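Novice: Submitted below is the structure of interest, expressed as structure tokens.
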Amino acid sequence: MKNIFNLKTLAAVASISLSSFAFAGVDTFTDENDVILAGHDAVAYFTQNKAVVGSKDYTAVHNDAIYRFSSAANRDLFAANPEKYAPAYGGFCAFGASFGKKFDVDGKAFEVVDGVLYVNKNAQVKEAWSKDIPKHITEADGEWKGIEFKEASTL
């Protein structure tokens with residue numbers, strides 16, 4: 001009887017562990033090294049209004065993604081309130097999300113709207129997204145609920 005209980009406990013633990021691996025990192029766009037925003041400093045988008053490449057010397061982890069920063073001060077600002085600086089849609093392309101898709105980003109095409117960071121695949125896609133930002137944000141917000149935990153390749 002004791003062996004059956006242990007087997008059931010082991011199976012439950014394994015099931016829970018495997019289910020957490022199934023969703024780890026799926027909701028954020030990272031490169032092969034788990035770096036988000038193509039290595040750009042999330043805080044600099046807000047404070048300098050430009051894409052600034054971060055350093056491997058200043059990092060923080062949020063939602064299974066490694067963020068790089070151009071300074072310790074920016075890293076510390078992020079660490080104090082990561083939700084303020086983390087990109088919408090897990091760092092996937094905002095315009096793509098409005099179509100229910102997940103596309104990678106170059107980290108250079110961005111817009112901060114009402115205190116939220118939106119990144120796009122590249123400058124050309126950002127230009128199209130910018131033609132009606134409120135509409136695209138509304139569409140992406142609606143689509144994101146259905147795609148957040150799905151692999152990009154399945155969409």
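The chains in the structure tokens are called A, B, ... from first to last as shown; in each chain the residues are counted from 1, and the ligands are counted from 1 in the order shown.
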Among stretch 3-155 of chain A, which residues does DSSP mark as alpha helix (DSSP H) when it is run on the backbone? Keep the chain and numbering as in the structure and answer as an MDAnalysis selection string.

Specialist: chainID A and resid 3:23 42:47 72:80 82:85 94:97 123:129 133:147

Novice: What are the nearest atom pairs, with distances in Å to one decimal, for all residues of stretch 31-88 of chain A that come at most 8 Å from stretch 108-126 of chain A, using only C-alpha atoms, set out by chain and rising residue number as JSON lines?

Specialist:
```
{"residue": "A:His40", "atom": "CA", "partner": "A:Lys108", "partner_atom": "CA", "distance": 7.9}
{"residue": "A:Tyr45", "atom": "CA", "partner": "A:Val112", "partner_atom": "CA", "distance": 7.4}
{"residue": "A:Phe46", "atom": "CA", "partner": "A:Val112", "partner_atom": "CA", "distance": 6.9}
{"residue": "A:Lys50", "atom": "CA", "partner": "A:Lys108", "partner_atom": "CA", "distance": 7.9}
{"residue": "A:Ala51", "atom": "CA", "partner": "A:Lys108", "partner_atom": "CA", "distance": 5.3}
{"residue": "A:Lys84", "atom": "CA", "partner": "A:Val116", "partner_atom": "CA", "distance": 7.2}
{"residue": "A:Tyr85", "atom": "CA", "partner": "A:Leu117", "partner_atom": "CA", "distance": 6.8}
{"residue": "A:Ala86", "atom": "CA", "partner": "A:Leu117", "partner_atom": "CA", "distance": 6.9}
{"residue": "A:Pro87", "atom": "CA", "partner": "A:Leu117", "partner_atom": "CA", "distance": 4.7}
{"residue": "A:Ala88", "atom": "CA", "partner": "A:Tyr118", "partner_atom": "CA", "distance": 5.5}
```

Novice: Report as a ChimeraX atom specification all protein, DNA and RNA residues lying within 7 Å of A:Asp27, evaluated on only C-alpha atoms, omitting residues in the same chain fewer than 2 positions from it.

Specialist: /A:25,29,90,148-149

Novice: Find the distance between atom CA of A:Leu77 and atom CA of A:Thr47 and write it in Å to one decimal.

Specialist: 10.6 Å

Novice: Show which residues sit within 12 Å of A:Asp31, as a CSV table (one decimal) with N, CA and C atoms, in the first residue's frame. Count only C-alpha atoms, and ignore same-chain residues fewer than 3 positions away.

Specialist:
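The resulting selection-v7.csv:
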```csv
chain,number,residue,atom,x,y,z
A,25,GLY,N,8.9,30.1,-20.5
A,25,GLY,CA,9.5,30.9,-21.5
A,25,GLY,C,8.6,31.1,-22.8
A,26,VAL,N,7.5,30.4,-22.8
A,26,VAL,CA,6.6,30.4,-24.0
A,26,VAL,C,6.0,31.8,-24.2
A,28,THR,N,7.3,34.7,-23.5
A,28,THR,CA,8.3,35.8,-23.8
A,28,THR,C,9.1,35.4,-25.0
A,34,ASP,N,18.2,33.1,-23.9
A,34,ASP,CA,17.1,33.6,-23.1
A,34,ASP,C,17.1,35.1,-22.9
A,35,VAL,N,17.8,35.8,-23.8
A,35,VAL,CA,17.9,37.3,-23.7
A,35,VAL,C,16.7,37.9,-24.5
A,36,ILE,N,16.0,38.8,-23.8
A,36,ILE,CA,14.8,39.5,-24.4
A,36,ILE,C,15.2,40.8,-25.0
A,37,LEU,N,14.3,41.3,-25.9
A,37,LEU,CA,14.5,42.6,-26.5
A,37,LEU,C,15.7,42.7,-27.4
A,38,ALA,N,16.2,41.6,-27.9
A,38,ALA,CA,17.4,41.6,-28.7
A,38,ALA,C,18.6,42.2,-28.0
A,39,GLY,N,18.5,42.1,-26.6
A,39,GLY,CA,19.6,42.6,-25.8
A,39,GLY,C,19.6,44.1,-25.5
A,64,ASP,N,11.3,34.4,-16.8
A,64,ASP,CA,12.2,33.5,-17.5
A,64,ASP,C,13.0,34.1,-18.6
A,65,ALA,N,13.0,35.5,-18.7
A,65,ALA,CA,13.8,36.1,-19.7
A,65,ALA,C,14.9,36.9,-19.0
A,66,ILE,N,16.0,37.0,-19.7
A,66,ILE,CA,17.2,37.8,-19.2
A,66,ILE,C,17.1,39.1,-19.9
A,67,TYR,N,17.1,40.1,-19.1
A,67,TYR,CA,17.1,41.5,-19.5
A,67,TYR,C,18.5,42.1,-19.4
A,91,GLY,N,7.3,40.7,-25.3
A,91,GLY,CA,8.4,41.1,-26.1
A,91,GLY,C,8.2,40.6,-27.6
A,92,PHE,N,7.1,40.0,-27.9
A,92,PHE,CA,6.8,39.7,-29.3
A,92,PHE,C,6.3,40.9,-30.0
A,104,ASP,N,9.3,37.6,-34.0
A,104,ASP,CA,10.5,38.1,-33.2
A,104,ASP,C,10.6,39.6,-33.5
A,105,VAL,N,11.5,40.2,-32.7
A,105,VAL,CA,11.7,41.7,-32.9
A,105,VAL,C,13.2,42.0,-32.9
A,106,ASP,N,13.5,43.1,-33.5
A,106,ASP,CA,14.9,43.5,-33.6
A,106,ASP,C,15.4,44.4,-32.4
A,107,GLY,N,14.4,44.8,-31.6
A,107,GLY,CA,14.7,45.6,-30.4
A,107,GLY,C,14.9,47.1,-30.7
```

Novice: Restricting the calculation to only C-alpha atoms: of A:Arg68, A:Lys102, A:His62, A:Arg75, which residue gets closest to A:Thr154?

Specialist: A:Lys102

Novice: If you measure from atom CA of A:Phe99 to atom CA of A:Lys145, what distance in Å do you get, rounded to one decimal?

Specialist: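 If I compute the distance from atom CA of A:Phe99 to atom CA of A:Lys145, I get 12.2 Å.
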
Novice: To one decimal place, how far is atom CA of A:Asn63 from atom CA of A:Lys150 in Å?

Specialist: 15.4 Å

Novice: For A:Gln48, which residue among A:Ser70, A:Ala97, A:Leu155, A:Ile147 is the nearest when counting only C-alpha atoms?

Specialist: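 Nearest candidate to A:Gln48 out of A:Ser70, A:Ala97, A:Leu155, A:Ile147: A:Ser70.
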
Novice: What's the 10 Å shell around A:Glu139, counting only C-alpha atoms, without same-chain residues fewer than 4 positions away, as a list in words?

Specialist: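 Residues meeting the cut-off are Ala94, Phe95, Ala97, Ser98, Phe99, Gly100, Ile133, Pro134, Lys135, Glu143 and Trp144 of chain A.
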
Novice: Using DSSP assignments from the backbone, pull out every residue in chain A that falls under strand (DSSP E) and give it to me as a list in words.

Specialist: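 The strand (DSSP E) subset of chain A is Ser55, Lys56, Asp57, Tyr58, Thr59, Ala60, Val61, His62, Ala65, Ile66, Tyr67, Arg68, Phe69, Phe110, Glu111, Val112, Val113, Val116, Leu117, Tyr118 and Val119 of chain A.
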
Novice: Generate a file of the selected residues that holds C-alpha atoms, formatted as a short mmCIF file (atom, residue, chain, number, x, y, z; two decimals), in the first residue's frame.

Specialist:
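result.cif was written with the following content:
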```cif
data_model
loop_
_atom_site.label_atom_id
_atom_site.label_comp_id
_atom_site.auth_asym_id
_atom_site.auth_seq_id
_atom_site.Cartn_x
_atom_site.Cartn_y
_atom_site.Cartn_z
CA SER A 55 25.51 44.82 -21.39
CA LYS A 56 25.97 41.27 -20.14
CA ASP A 57 27.47 42.92 -17.03
CA TYR A 58 24.09 44.37 -15.96
CA THR A 59 21.26 41.85 -16.09
CA ALA A 60 18.02 40.89 -14.40
CA VAL A 61 15.64 37.98 -14.90
CA HIS A 62 11.89 38.45 -15.21
CA ALA A 65 13.78 36.15 -19.70
CA ILE A 66 17.17 37.77 -19.22
CA TYR A 67 17.10 41.53 -19.53
CA ARG A 68 20.31 43.41 -20.27
CA PHE A 69 20.93 47.01 -19.21
CA PHE A 110 9.54 50.46 -30.37
CA GLU A 111 7.00 52.88 -28.97
CA VAL A 112 6.07 53.72 -25.41
CA VAL A 113 2.33 54.39 -25.27
CA VAL A 116 3.66 50.64 -21.84
CA LEU A 117 6.52 49.44 -24.04
CA TYR A 118 5.48 48.01 -27.40
CA VAL A 119 8.11 46.50 -29.69
#
```
